[in-house]
$ cat data03.txt   # compact mmCIF, C-alpha atoms (C1' of nucleotides)
# COMPACT_ATOMS: atom_id res chain seq x y z
CA MET A 14 40.50 -63.30 35.89
CA PHE A 15 39.70 -60.14 37.77
CA LEU A 16 42.86 -58.07 38.05
CA GLY A 17 43.74 -54.52 38.93
CA ARG A 18 42.51 -51.77 41.15
CA TYR A 19 40.19 -48.99 40.10
CA GLU A 20 39.19 -45.85 41.96
CA HIS A 21 35.57 -44.97 41.28
CA THR A 22 32.91 -42.82 42.89
CA VAL A 23 29.57 -43.84 44.32
CA ASP A 24 27.10 -41.10 43.47
CA ASN A 25 24.34 -39.98 45.80
CA LYS A 26 22.00 -42.56 44.30
CA GLY A 27 24.27 -45.41 45.35
CA ARG A 28 25.50 -46.18 41.87
CA VAL A 29 29.04 -47.42 41.15
CA ALA A 30 30.56 -47.95 37.75
CA ILE A 31 32.14 -51.38 37.47
CA PRO A 32 35.36 -51.25 35.46
CA ALA A 33 34.72 -52.17 31.85
CA LYS A 34 37.39 -54.86 32.05
CA PHE A 35 35.37 -56.70 34.67
CA ARG A 36 32.00 -56.58 32.94
CA GLY A 37 32.52 -59.34 30.44
CA GLU A 38 33.54 -61.88 33.05
CA LEU A 39 30.76 -60.85 35.42
CA GLY A 40 28.05 -61.49 32.90
CA GLU A 41 24.51 -60.17 33.24
CA ARG A 42 23.71 -61.25 36.74
CA MET A 43 25.91 -60.94 39.81
CA TYR A 44 25.71 -61.00 43.59
CA VAL A 45 27.19 -58.82 46.27
CA THR A 46 27.57 -59.61 49.93
CA ARG A 47 29.51 -58.56 52.97
CA TRP A 48 33.01 -59.88 53.25
CA LEU A 49 35.95 -60.13 55.58
CA ASP A 50 37.73 -57.03 56.83
CA LYS A 51 34.73 -54.76 56.23
CA CYS A 52 34.69 -54.84 52.48
CA LEU A 53 32.12 -56.11 50.00
CA ALA A 54 32.49 -59.07 47.67
CA LEU A 55 31.02 -59.08 44.18
CA TYR A 56 30.56 -62.43 42.46
CA PRO A 57 29.50 -63.64 39.06
CA ALA A 58 26.22 -65.51 39.47
CA PRO A 59 27.63 -69.06 39.01
CA THR A 60 30.45 -68.51 41.52
CA PHE A 61 28.08 -67.13 44.10
CA GLU A 62 25.55 -69.88 43.62
CA THR A 63 28.20 -72.53 44.16
CA LEU A 64 29.34 -70.81 47.32
CA ALA A 65 25.76 -70.38 48.49
CA SER A 66 24.94 -74.04 48.11
CA LYS A 67 28.07 -75.00 50.03
CA ILE A 68 27.03 -72.75 52.87
CA SER A 69 23.51 -74.14 52.76
CA ALA A 70 24.92 -77.62 53.09
CA LEU A 71 26.50 -76.88 56.45
CA SER A 72 24.86 -78.56 59.39
CA ILE A 73 22.24 -76.56 61.21
CA ALA A 74 23.31 -78.35 64.36
CA ASP A 75 26.45 -76.24 64.38
CA GLN A 76 25.99 -72.86 66.01
CA ASN A 77 28.79 -71.26 64.00
CA ALA A 78 27.35 -72.55 60.78
CA ARG A 79 23.97 -71.08 61.60
CA GLN A 80 25.55 -67.71 62.26
CA LEU A 81 27.52 -67.84 59.04
CA ARG A 82 24.35 -68.58 57.11
CA ARG A 83 22.52 -65.65 58.64
CA ILE A 84 25.32 -63.19 58.01
CA PHE A 85 26.02 -64.36 54.52
CA PHE A 86 22.50 -64.45 53.16
CA SER A 87 20.93 -61.58 55.04
CA ASP A 88 23.31 -59.06 53.54
CA ALA A 89 23.46 -60.53 50.07
CA ALA A 90 21.79 -59.00 47.06
CA ASP A 91 21.50 -59.87 43.41
CA LEU A 92 22.34 -57.08 41.02
CA GLU A 93 22.29 -56.18 37.36
CA PHE A 94 24.01 -53.53 35.33
CA ASP A 95 22.28 -50.45 34.12
CA ARG A 96 23.00 -49.38 30.59
CA GLN A 97 26.11 -47.48 31.67
CA GLY A 98 27.68 -50.49 33.34
CA ARG A 99 26.83 -49.44 36.88
CA ILE A 100 25.36 -51.35 39.78
CA ASN A 101 23.30 -50.11 42.67
CA LEU A 102 24.83 -50.91 46.05
CA PRO A 103 22.14 -51.49 48.69
CA ALA A 104 22.22 -49.01 51.55
CA ASN A 105 22.85 -51.63 54.24
CA LEU A 106 25.95 -52.88 52.45
CA ARG A 107 27.24 -49.38 51.89
CA GLU A 108 26.88 -48.73 55.56
CA PHE A 109 28.60 -51.98 56.48
CA ALA A 110 31.59 -51.11 54.33
CA GLY A 111 31.81 -47.54 55.56
CA ILE A 112 30.93 -46.08 52.19
CA GLY A 113 29.46 -42.62 52.71
CA GLU A 114 26.38 -41.02 51.24
CA ASP A 115 27.58 -38.29 48.91
CA ASP A 116 30.00 -39.05 46.11
CA ALA A 117 31.96 -41.51 48.22
CA GLU A 118 35.18 -42.84 46.76
CA VAL A 119 35.61 -46.58 46.54
CA MET A 120 38.23 -49.00 45.33
CA VAL A 121 37.04 -51.75 43.04
CA VAL A 122 39.64 -54.47 43.33
CA GLY A 123 40.10 -57.59 41.23
CA MET A 124 40.77 -60.70 43.31
CA ASN A 125 41.17 -63.28 40.56
CA ASP A 126 37.83 -65.06 40.91
CA TYR A 127 35.81 -62.32 42.58
CA ILE A 128 35.85 -58.59 43.15
CA GLU A 129 36.20 -56.61 46.35
CA ILE A 130 34.72 -53.17 46.89
CA TRP A 131 36.28 -50.98 49.57
CA ALA A 132 35.74 -47.56 51.01
CA ARG A 133 38.81 -45.73 49.75
CA GLU A 134 40.18 -44.90 53.19
CA LYS A 135 39.83 -48.48 54.39
CA TRP A 136 41.68 -49.77 51.36
CA LEU A 137 44.52 -47.34 51.91
CA GLU A 138 44.87 -48.60 55.46
CA VAL A 139 45.22 -52.14 54.20
CA GLN A 140 47.78 -51.07 51.67
CA ASN A 141 49.77 -49.12 54.24
CA GLU A 142 49.96 -52.09 56.53
CA VAL A 143 51.61 -54.03 53.78
CA GLU A 144 54.00 -51.27 52.82
CA ASP A 145 55.11 -51.07 56.42
CA ASP A 146 55.97 -54.74 56.48
CA PRO A 147 57.03 -55.79 53.00
CA ASN A 148 59.05 -58.74 54.24
CA SER A 149 56.07 -60.79 55.30
CA ILE A 150 54.75 -60.63 51.76
CA ALA A 151 58.12 -61.61 50.42
CA ALA A 152 58.29 -64.54 52.79
CA GLN A 153 54.91 -65.83 51.69
CA LEU A 154 55.69 -65.40 48.04
CA ALA A 155 58.94 -67.25 48.48
CA GLN A 156 57.04 -70.32 49.66
CA LEU A 157 54.99 -70.42 46.52
CA ILE A 158 57.66 -70.05 43.88
CA MET B 12 65.18 -67.41 28.40
CA PHE B 13 64.99 -63.70 29.05
CA LEU B 14 68.50 -62.28 29.11
CA GLY B 15 70.01 -58.83 29.01
CA ARG B 16 69.21 -55.34 30.10
CA TYR B 17 67.64 -52.63 27.97
CA GLU B 18 67.18 -48.95 28.68
CA HIS B 19 63.87 -47.69 27.31
CA THR B 20 61.61 -44.72 27.86
CA VAL B 21 58.04 -44.65 29.12
CA ASP B 22 56.16 -41.92 27.27
CA ASN B 23 53.55 -39.70 28.89
CA LYS B 24 50.82 -42.19 27.99
CA GLY B 25 52.49 -44.94 29.97
CA ARG B 26 53.76 -46.89 26.99
CA VAL B 27 57.01 -48.87 27.05
CA ALA B 28 58.60 -50.68 24.17
CA ILE B 29 59.47 -54.24 25.09
CA PRO B 30 62.79 -55.33 23.56
CA ALA B 31 62.21 -57.19 20.33
CA LYS B 32 64.26 -60.10 21.65
CA PHE B 33 61.72 -60.66 24.42
CA ARG B 34 58.58 -60.49 22.32
CA GLY B 35 58.65 -63.95 20.86
CA GLU B 36 58.95 -65.70 24.19
CA LEU B 37 56.30 -63.50 25.79
CA GLY B 38 53.69 -64.42 23.23
CA GLU B 39 50.53 -62.43 22.66
CA ARG B 40 49.25 -62.20 26.19
CA MET B 41 51.29 -61.35 29.27
CA TYR B 42 50.82 -60.14 32.81
CA VAL B 43 52.54 -57.54 34.91
CA THR B 44 52.44 -57.18 38.66
CA ARG B 45 54.29 -55.50 41.49
CA TRP B 46 57.37 -57.26 42.62
CA LEU B 47 59.87 -57.22 45.41
CA ASP B 48 62.19 -54.25 45.90
CA LYS B 49 59.80 -51.86 44.18
CA CYS B 50 60.15 -53.14 40.67
CA LEU B 51 57.61 -54.69 38.32
CA ALA B 52 57.53 -58.25 37.04
CA LEU B 53 56.37 -59.13 33.55
CA TYR B 54 55.31 -62.70 32.92
CA PRO B 55 54.27 -64.79 29.96
CA ALA B 56 50.64 -65.77 30.48
CA PRO B 57 51.19 -69.42 31.49
CA THR B 58 53.82 -68.57 34.10
CA PHE B 59 51.62 -65.96 35.71
CA GLU B 60 48.52 -68.10 35.69
CA THR B 61 50.33 -70.83 37.58
CA LEU B 62 51.46 -68.35 40.21
CA ALA B 63 48.00 -66.79 40.40
CA SER B 64 46.29 -70.09 41.04
CA LYS B 65 48.76 -70.87 43.81
CA ILE B 66 47.95 -67.59 45.51
CA SER B 67 44.23 -68.12 45.05
CA ALA B 68 44.51 -71.46 46.77
CA LEU B 69 45.74 -69.94 50.02
CA SER B 70 43.30 -70.09 52.89
CA ILE B 71 41.08 -67.06 53.37
CA ALA B 72 41.12 -67.83 57.07
CA ASP B 73 44.68 -66.57 57.25
CA GLN B 74 44.90 -62.81 57.56
CA ASN B 75 48.34 -62.63 55.97
CA ALA B 76 47.21 -64.70 53.04
CA ARG B 77 44.28 -62.39 52.47
CA GLN B 78 46.64 -59.44 52.42
CA LEU B 79 48.98 -61.12 49.97
CA ARG B 80 46.08 -61.88 47.68
CA ARG B 81 44.87 -58.34 47.76
CA ILE B 82 48.23 -56.81 47.08
CA PHE B 83 49.17 -59.27 44.40
CA PHE B 84 45.99 -59.13 42.34
CA SER B 85 45.17 -55.48 42.89
CA ASP B 86 48.47 -54.48 41.35
CA ALA B 87 48.34 -56.95 38.50
CA ALA B 88 47.18 -56.40 34.95
CA ASP B 89 46.92 -58.39 31.77
CA LEU B 90 48.52 -56.74 28.82
CA GLU B 91 48.91 -57.06 25.09
CA PHE B 92 51.29 -55.52 22.63
CA ASP B 93 50.25 -52.68 20.41
CA ARG B 94 51.37 -52.81 16.81
CA GLN B 95 54.70 -51.26 17.73
CA GLY B 96 55.53 -53.89 20.33
CA ARG B 97 54.73 -51.70 23.29
CA ILE B 98 52.72 -52.35 26.43
CA ASN B 99 50.76 -49.93 28.52
CA LEU B 100 51.84 -49.84 32.15
CA PRO B 101 48.89 -49.02 34.44
CA ALA B 102 49.27 -45.83 36.44
CA ASN B 103 49.16 -47.53 39.83
CA LEU B 104 52.05 -49.79 38.87
CA ARG B 105 54.10 -46.91 37.52
CA GLU B 106 53.58 -45.12 40.78
CA PHE B 107 54.53 -48.17 42.81
CA ALA B 108 57.78 -48.56 40.92
CA GLY B 109 58.65 -44.88 41.07
CA ILE B 110 58.35 -44.42 37.33
CA GLY B 111 57.59 -40.77 36.64
CA GLU B 112 55.00 -39.19 34.41
CA ASP B 113 56.91 -37.61 31.58
CA ASP B 114 59.23 -39.67 29.45
CA ALA B 115 60.59 -41.63 32.38
CA GLU B 116 63.56 -43.90 31.80
CA VAL B 117 63.25 -47.54 32.76
CA MET B 118 65.39 -50.63 32.70
CA VAL B 119 63.85 -53.72 31.16
CA VAL B 120 65.79 -56.63 32.56
CA GLY B 121 65.70 -60.28 31.55
CA MET B 122 65.51 -62.61 34.54
CA ASN B 123 65.55 -65.98 32.82
CA ASP B 124 61.89 -66.93 33.22
CA TYR B 125 60.41 -63.46 33.69
CA ILE B 126 61.25 -59.82 33.09
CA GLU B 127 61.77 -57.03 35.58
CA ILE B 128 61.01 -53.39 34.88
CA TRP B 129 62.78 -50.79 37.00
CA ALA B 130 62.80 -47.06 37.30
CA ARG B 131 66.27 -46.25 36.01
CA GLU B 132 67.44 -44.57 39.22
CA LYS B 133 66.29 -47.46 41.37
CA TRP B 134 68.11 -49.92 39.18
CA LEU B 135 71.32 -47.95 39.45
CA GLU B 136 71.03 -47.90 43.22
CA VAL B 137 70.67 -51.65 43.35
CA GLN B 138 73.60 -52.07 41.04
CA ASN B 139 75.76 -49.85 43.21
CA GLU B 140 74.87 -51.82 46.30
CA VAL B 141 76.09 -54.94 44.61
CA GLU B 142 79.31 -53.35 43.48
CA ASP B 143 79.97 -52.04 46.95
CA ASP B 144 79.66 -55.53 48.37
CA PRO B 145 80.77 -58.04 45.75
CA ASN B 146 81.66 -60.65 48.31
CA SER B 147 78.13 -61.51 49.30
CA ILE B 148 77.37 -62.31 45.68
CA ALA B 149 80.53 -64.33 45.45
CA ALA B 150 79.58 -66.26 48.55
CA GLN B 151 76.23 -67.22 47.14
CA LEU B 152 77.71 -68.21 43.83
CA ALA B 153 80.30 -70.31 45.60
CA GLN B 154 77.59 -72.46 47.13
CA LEU B 155 76.27 -73.32 43.72
CA ILE B 156 79.41 -74.19 41.85
C1' DG C 20 75.94 -47.97 2.11
C1' DG C 21 71.33 -49.41 1.80
C1' DA C 22 67.43 -51.82 3.52
C1' DA C 23 65.02 -53.53 7.18
C1' DA C 24 63.81 -53.57 11.81
C1' DA C 25 63.39 -51.29 16.32
C1' DG C 26 62.18 -47.47 19.16
C1' DT C 27 59.68 -43.05 19.79
C1' DG C 28 56.17 -39.53 19.31
C1' DG C 29 51.73 -37.52 18.18
C1' DG C 30 46.80 -37.16 16.52
C1' DG C 31 42.08 -38.77 15.97
C1' DA C 32 38.36 -41.95 16.93
C1' DA C 33 36.12 -44.68 20.20
C1' DA C 34 34.98 -46.11 24.68
C1' DA C 35 34.63 -45.43 29.68
C1' DG C 36 33.14 -42.79 33.66
C1' DT C 37 30.15 -39.39 35.64
C1' DG C 38 26.20 -36.41 36.44
C1' DG C 39 21.53 -35.00 35.77
C1' DG C 40 16.56 -35.16 34.32
C1' DG C 41 12.17 -37.37 33.70
C1' DA C 42 8.95 -41.26 33.99
C1' DA C 43 7.23 -45.07 36.58
C1' DA C 44 6.46 -47.47 40.83
C1' DC C 45 5.92 -47.48 45.68
C1' DC C 46 4.51 -45.88 50.07
C1' DT C 47 2.20 -42.73 53.05
C1' DT C 48 -1.32 -39.73 54.27
C1' DT C 49 -5.72 -37.61 54.19
C1' DA D 14 -9.69 -44.80 47.46
C1' DA D 15 -7.35 -40.81 45.69
C1' DA D 16 -3.66 -37.45 46.10
C1' DG D 17 0.75 -36.20 47.34
C1' DG D 18 5.29 -37.19 48.00
C1' DT D 19 9.27 -40.05 47.89
C1' DT D 20 12.09 -43.36 45.90
C1' DT D 21 13.72 -46.05 42.22
C1' DC D 22 14.97 -46.85 37.71
C1' DC D 23 16.01 -45.81 33.00
C1' DC D 24 17.73 -42.88 29.51
C1' DC D 25 20.43 -39.10 27.64
C1' DA D 26 24.46 -35.99 27.39
C1' DC D 27 28.94 -34.37 28.59
C1' DT D 28 33.86 -34.96 29.87
C1' DT D 29 37.79 -37.52 30.27
C1' DT D 30 40.57 -41.20 29.28
C1' DT D 31 42.08 -44.90 26.51
C1' DC D 32 43.22 -47.16 22.43
C1' DC D 33 44.57 -47.56 17.71
C1' DC D 34 46.77 -46.05 13.74
C1' DC D 35 50.20 -43.47 11.16
C1' DA D 36 54.68 -41.16 10.58
C1' DC D 37 59.40 -40.18 11.81
C1' DT D 38 64.10 -41.14 13.72
C1' DT D 39 67.57 -44.22 15.11
C1' DT D 40 69.77 -48.47 15.19
C1' DT D 41 70.99 -52.92 13.37
C1' DC D 42 72.22 -56.14 9.96
C1' DC D 43 73.52 -57.66 5.50
$ encode --input "data03.txt" --output "structure tokens"
Amino acid sequence: MFLGRYEHTVDNKGRVAIPAKFRGELGERMYVTRWLDKCLALYPAPTFETLASKISALSIADQNARQLRRIFFSDAADLEFDRQGRINLPANLREFAGIGEDDAEVMVVGMNDYIEIWAREKWLEVQNEVEDDPNSIAAQLAQLI
Amino acid sequence: MFLGRYEHTVDNKGRVAIPAKFRGELGERMYVTRWLDKCLALYPAPTFETLASKISALSIADQNARQLRRIFFSDAADLEFDRQGRINLPANLREFAGIGEDDAEVMVVGMNDYIEIWAREKWLEVQNEVEDDPNSIAAQLAQLI
DNA sequence: GGAAAAGTGGGGAAAAGTGGGGAAACCTTT
DNA sequence: AAAGGTTTCCCCACTTTTCCCCACTTTTCC
């Protein structure tokens, strides 16, 4: 279970420390790809591979499915930790997520079965939207309990 | 059944003693997350895991559901007791709940199947609101009896 | 009143996060 | 094809934070 929110820096070599609490569950190999709302998604290898095969199974007759395939795989990368528990975010993904070049600040966010990586400013926007409208969250929670 | 209200202090390392009466029912592992009205909710592991899987099951196609997921999991943490029966409240959750840095006072409140943790001042405000308007409580109770 | 348990505080060891340097690999250029 | 330069990767070292353990005070219970 990936839980919690960590504020880390991306150094000028593109390296980000992954929170130590996440490392065990990620295992050795992991994948990163672009995700909804201009953030990045980081998956343990088995989770990603399951998702990838589902996407591969979509019909190529469907235009939307073809587009999804292209987007999903073209910006995906497989990663490993260096000895300090860091990963190297590819430049194209950093750009996609609005993560700057020099010592950019990012949020590494647990999402239960995967991890999201956000440019700090973008994450704060998301959070502010929620703070401005707390009742919609309450309403959704109420349906689940 | 978590019952009663205890006034404890959070030391400058973020540690709070959980009332001894709650420890047995909490078990070894527990989870804390942000909750409604700017307090924190503390759950025994099984209770939280049920709730977490319900939230994970929401459709990622729904923007509101994505937001709920992000907020819920990003401000959640799994915790264990130290040898003195204390837990360590993460800094982001302390901030959310308005729990200060140095020896802040909190209310640890039993809520039957979970526990709420409040900044002392916030708790007193809520209590005053209720005392100023006892009839609305009475009305709700009346429906149940 | 005494013993046990509960709550609080502090100090030291270990781990986590960050930055920098050097070697290897790659590409480009002459 | 060789040299130069750039990029990438790995390793080391420092700083900060976290965690664990011990000791003390207060409360509770017999």
$ calpha_fit_and_write --input "data03.txt" --fixed "chain A" --moving "chain B" --output "mmCIF file with C-alpha atoms, in the coordinates of the input"
data_model
loop_
_atom_site.group_PDB
_atom_site.id
_atom_site.type_symbol
_atom_site.label_atom_id
_atom_site.label_comp_id
_atom_site.auth_asym_id
_atom_site.auth_seq_id
_atom_site.Cartn_x
_atom_site.Cartn_y
_atom_site.Cartn_z
ATOM 1 C CA MET B 12 40.574 -63.037 35.414
ATOM 2 C CA PHE B 13 39.785 -59.867 37.299
ATOM 3 C CA LEU B 14 42.911 -57.739 37.490
ATOM 4 C CA GLY B 15 43.685 -54.170 38.418
ATOM 5 C CA ARG B 16 42.425 -51.485 40.700
ATOM 6 C CA TYR B 17 40.019 -48.708 39.781
ATOM 7 C CA GLU B 18 38.985 -45.649 41.739
ATOM 8 C CA HIS B 19 35.308 -44.858 41.211
ATOM 9 C CA THR B 20 32.646 -42.834 42.956
ATOM 10 C CA VAL B 21 29.400 -44.013 44.510
ATOM 11 C CA ASP B 22 26.738 -41.378 43.891
ATOM 12 C CA ASN B 23 24.067 -40.458 46.417
ATOM 13 C CA LYS B 24 21.756 -43.126 45.000
ATOM 14 C CA GLY B 25 24.242 -45.869 45.755
ATOM 15 C CA ARG B 26 25.333 -46.441 42.180
ATOM 16 C CA VAL B 27 28.865 -47.505 41.244
ATOM 17 C CA ALA B 28 30.256 -47.903 37.779
ATOM 18 C CA ILE B 29 31.943 -51.256 37.347
ATOM 19 C CA PRO B 30 35.098 -50.994 35.218
ATOM 20 C CA ALA B 31 34.342 -51.848 31.623
ATOM 21 C CA LYS B 32 37.111 -54.444 31.669
ATOM 22 C CA PHE B 33 35.242 -56.422 34.321
ATOM 23 C CA ARG B 34 31.815 -56.369 32.723
ATOM 24 C CA GLY B 35 32.301 -59.087 30.177
ATOM 25 C CA GLU B 36 33.502 -61.654 32.670
ATOM 26 C CA LEU B 37 30.792 -60.756 35.174
ATOM 27 C CA GLY B 38 28.008 -61.437 32.724
ATOM 28 C CA GLU B 39 24.473 -60.185 33.178
ATOM 29 C CA ARG B 40 23.799 -61.369 36.684
ATOM 30 C CA MET B 41 26.135 -61.048 39.653
ATOM 31 C CA TYR B 42 26.055 -61.139 43.421
ATOM 32 C CA VAL B 43 27.575 -58.982 46.098
ATOM 33 C CA THR B 44 28.054 -59.831 49.739
ATOM 34 C CA ARG B 45 30.003 -58.715 52.773
ATOM 35 C CA TRP B 46 33.512 -59.947 52.930
ATOM 36 C CA LEU B 47 36.399 -60.173 55.307
ATOM 37 C CA ASP B 48 38.150 -57.035 56.544
ATOM 38 C CA LYS B 49 35.084 -54.876 55.981
ATOM 39 C CA CYS B 50 35.066 -54.888 52.229
ATOM 40 C CA LEU B 51 32.508 -56.197 49.755
ATOM 41 C CA ALA B 52 32.899 -59.099 47.358
ATOM 42 C CA LEU B 53 31.348 -59.110 43.909
ATOM 43 C CA TYR B 54 30.906 -62.456 42.213
ATOM 44 C CA PRO B 55 29.797 -63.715 38.838
ATOM 45 C CA ALA B 56 26.570 -65.646 39.350
ATOM 46 C CA PRO B 57 27.980 -69.187 39.003
ATOM 47 C CA THR B 58 30.805 -68.580 41.474
ATOM 48 C CA PHE B 59 28.452 -67.200 44.082
ATOM 49 C CA GLU B 60 25.868 -69.906 43.643
ATOM 50 C CA THR B 61 28.469 -72.570 44.307
ATOM 51 C CA LEU B 62 29.533 -70.827 47.497
ATOM 52 C CA ALA B 63 25.922 -70.277 48.545
ATOM 53 C CA SER B 64 25.018 -73.922 48.193
ATOM 54 C CA LYS B 65 28.031 -74.904 50.277
ATOM 55 C CA ILE B 66 26.907 -72.602 53.060
ATOM 56 C CA SER B 67 23.337 -73.838 52.816
ATOM 57 C CA ALA B 68 24.549 -77.377 53.265
ATOM 58 C CA LEU B 69 26.002 -76.686 56.700
ATOM 59 C CA SER B 70 24.168 -78.293 59.575
ATOM 60 C CA ILE B 71 21.520 -76.183 61.270
ATOM 61 C CA ALA B 72 22.344 -78.024 64.467
ATOM 62 C CA ASP B 73 25.570 -76.068 64.711
ATOM 63 C CA GLN B 74 25.108 -72.649 66.255
ATOM 64 C CA ASN B 75 28.123 -71.170 64.489
ATOM 65 C CA ALA B 76 26.928 -72.442 61.157
ATOM 66 C CA ARG B 77 23.553 -70.840 61.696
ATOM 67 C CA GLN B 78 25.254 -67.544 62.417
ATOM 68 C CA LEU B 79 27.418 -67.775 59.325
ATOM 69 C CA ARG B 80 24.370 -68.462 57.211
ATOM 70 C CA ARG B 81 22.530 -65.517 58.605
ATOM 71 C CA ILE B 82 25.363 -63.095 58.157
ATOM 72 C CA PHE B 83 26.286 -64.308 54.722
ATOM 73 C CA PHE B 84 22.833 -64.305 53.156
ATOM 74 C CA SER B 85 21.430 -61.310 54.990
ATOM 75 C CA ASP B 86 24.159 -59.125 53.562
ATOM 76 C CA ALA B 87 24.021 -60.551 50.071
ATOM 77 C CA ALA B 88 22.184 -59.227 47.051
ATOM 78 C CA ASP B 89 21.771 -60.140 43.427
ATOM 79 C CA LEU B 90 22.490 -57.328 41.069
ATOM 80 C CA GLU B 91 22.288 -56.378 37.432
ATOM 81 C CA PHE B 92 23.866 -53.632 35.418
ATOM 82 C CA ASP B 93 21.931 -50.582 34.407
ATOM 83 C CA ARG B 94 22.419 -49.323 30.884
ATOM 84 C CA GLN B 95 25.494 -47.383 31.942
ATOM 85 C CA GLY B 96 27.251 -50.408 33.401
ATOM 86 C CA ARG B 97 26.564 -49.496 36.992
ATOM 87 C CA ILE B 98 25.288 -51.544 39.907
ATOM 88 C CA ASN B 99 23.286 -50.430 42.876
ATOM 89 C CA LEU B 100 24.936 -51.209 46.197
ATOM 90 C CA PRO B 101 22.321 -51.866 48.908
ATOM 91 C CA ALA B 102 22.416 -49.455 51.823
ATOM 92 C CA ASN B 103 23.221 -52.092 54.429
ATOM 93 C CA LEU B 104 26.284 -53.186 52.480
ATOM 94 C CA ARG B 105 27.476 -49.627 51.991
ATOM 95 C CA GLU B 106 27.188 -49.109 55.699
ATOM 96 C CA PHE B 107 29.044 -52.316 56.471
ATOM 97 C CA ALA B 108 31.934 -51.315 54.250
ATOM 98 C CA GLY B 109 32.089 -47.765 55.552
ATOM 99 C CA ILE B 110 31.067 -46.260 52.239
ATOM 100 C CA GLY B 111 29.508 -42.868 52.906
ATOM 101 C CA GLU B 112 26.318 -41.345 51.611
ATOM 102 C CA ASP B 113 27.371 -38.560 49.311
ATOM 103 C CA ASP B 114 29.644 -39.245 46.391
ATOM 104 C CA ALA B 115 31.840 -41.628 48.333
ATOM 105 C CA GLU B 116 35.048 -42.829 46.728
ATOM 106 C CA VAL B 117 35.618 -46.550 46.422
ATOM 107 C CA MET B 118 38.272 -48.865 45.107
ATOM 108 C CA VAL B 119 37.117 -51.603 42.770
ATOM 109 C CA VAL B 120 39.794 -54.250 42.901
ATOM 110 C CA GLY B 121 40.239 -57.320 40.728
ATOM 111 C CA MET B 122 41.020 -60.433 42.753
ATOM 112 C CA ASN B 123 41.415 -62.995 39.997
ATOM 113 C CA ASP B 124 38.132 -64.869 40.410
ATOM 114 C CA TYR B 125 36.112 -62.173 42.173
ATOM 115 C CA ILE B 126 36.117 -58.436 42.763
ATOM 116 C CA GLU B 127 36.508 -56.511 45.988
ATOM 117 C CA ILE B 128 34.949 -53.126 46.642
ATOM 118 C CA TRP B 129 36.521 -50.963 49.333
ATOM 119 C CA ALA B 130 35.871 -47.617 50.876
ATOM 120 C CA ARG B 131 38.844 -45.643 49.602
ATOM 121 C CA GLU B 132 40.201 -44.807 53.059
ATOM 122 C CA LYS B 133 40.019 -48.406 54.204
ATOM 123 C CA TRP B 134 41.876 -49.560 51.142
ATOM 124 C CA LEU B 135 44.642 -47.061 51.746
ATOM 125 C CA GLU B 136 45.001 -48.248 55.318
ATOM 126 C CA VAL B 137 45.400 -51.826 54.204
ATOM 127 C CA GLN B 138 47.915 -50.800 51.611
ATOM 128 C CA ASN B 139 49.945 -48.909 54.181
ATOM 129 C CA GLU B 140 49.997 -51.888 56.492
ATOM 130 C CA VAL B 141 51.488 -53.948 53.732
ATOM 131 C CA GLU B 142 54.097 -51.365 52.896
ATOM 132 C CA ASP B 143 55.078 -51.072 56.522
ATOM 133 C CA ASP B 144 55.697 -54.797 56.697
ATOM 134 C CA PRO B 145 56.804 -56.034 53.286
ATOM 135 C CA ASN B 146 58.609 -59.014 54.708
ATOM 136 C CA SER B 147 55.536 -60.955 55.690
ATOM 137 C CA ILE B 148 54.334 -60.757 52.107
ATOM 138 C CA ALA B 149 57.737 -61.790 50.895
ATOM 139 C CA ALA B 150 57.726 -64.750 53.235
ATOM 140 C CA GLN B 151 54.433 -66.000 51.921
ATOM 141 C CA LEU B 152 55.485 -65.537 48.342
ATOM 142 C CA ALA B 153 58.697 -67.397 49.030
ATOM 143 C CA GLN B 154 56.758 -70.496 50.000
ATOM 144 C CA LEU B 155 55.063 -70.552 46.648
ATOM 145 C CA ILE B 156 57.943 -70.025 44.294
#
$ residues_around --input "data03.txt" --residues "DG41 of chain C" --least-positions-apart "2" --cutoff "12 Å" --atoms "only C-alpha atoms (C1' of nucleotides)" --output "PyMOL selection string"
(chain C and resi 39+43) or (chain D and resi 22-25)
$ closest_residue --input "data03.txt" --among "B:Arg26, B:Arg80, B:Asn123, B:Glu39" --to "chain D" --atoms "only C-alpha atoms (C1' of nucleotides)"
B:Arg26
$ closest_atom_pairs --input "data03.txt" --of "chain C" --to "chain A" --cutoff "10 Å" --atoms "all atoms listed in the file" --output "JSON lines"
{"residue": "C:DA34", "atom": "C1'", "partner": "A:Ala33", "partner_atom": "CA", "distance": 9.4}
{"residue": "C:DA35", "atom": "C1'", "partner": "A:Ala33", "partner_atom": "CA", "distance": 7.1}
{"residue": "C:DG36", "atom": "C1'", "partner": "A:Ala30", "partner_atom": "CA", "distance": 7.1}
{"residue": "C:DT37", "atom": "C1'", "partner": "A:Thr22", "partner_atom": "CA", "distance": 8.5}
{"residue": "C:DG38", "atom": "C1'", "partner": "A:Asp24", "partner_atom": "CA", "distance": 8.5}
$ write_last_selection --input "data03.txt" --atoms "C-alpha atoms (C1' of nucleotides)" --output "PDB file, keeping the file's coordinate frame"
ATOM      1  C1'  DA C  34      34.980 -46.110  24.680  1.00  0.00           C
ATOM      2  C1'  DA C  35      34.630 -45.430  29.680  1.00  0.00           C
ATOM      3  C1'  DG C  36      33.140 -42.790  33.660  1.00  0.00           C
ATOM      4  C1'  DT C  37      30.150 -39.390  35.640  1.00  0.00           C
ATOM      5  C1'  DG C  38      26.200 -36.410  36.440  1.00  0.00           C
TER       6       DG C  38
END
$ atom_distance --input "data03.txt" --atom1 "atom CA of Ala89 of chain A" --atom2 "atom CA of Ala54 of chain A"
9.5 Å
$ closest_residue --input "data03.txt" --among "A:Trp131, A:Trp136, A:Phe86, A:Phe94" --to "chain D" --atoms "only C-alpha atoms (C1' of nucleotides)"
A:Phe94
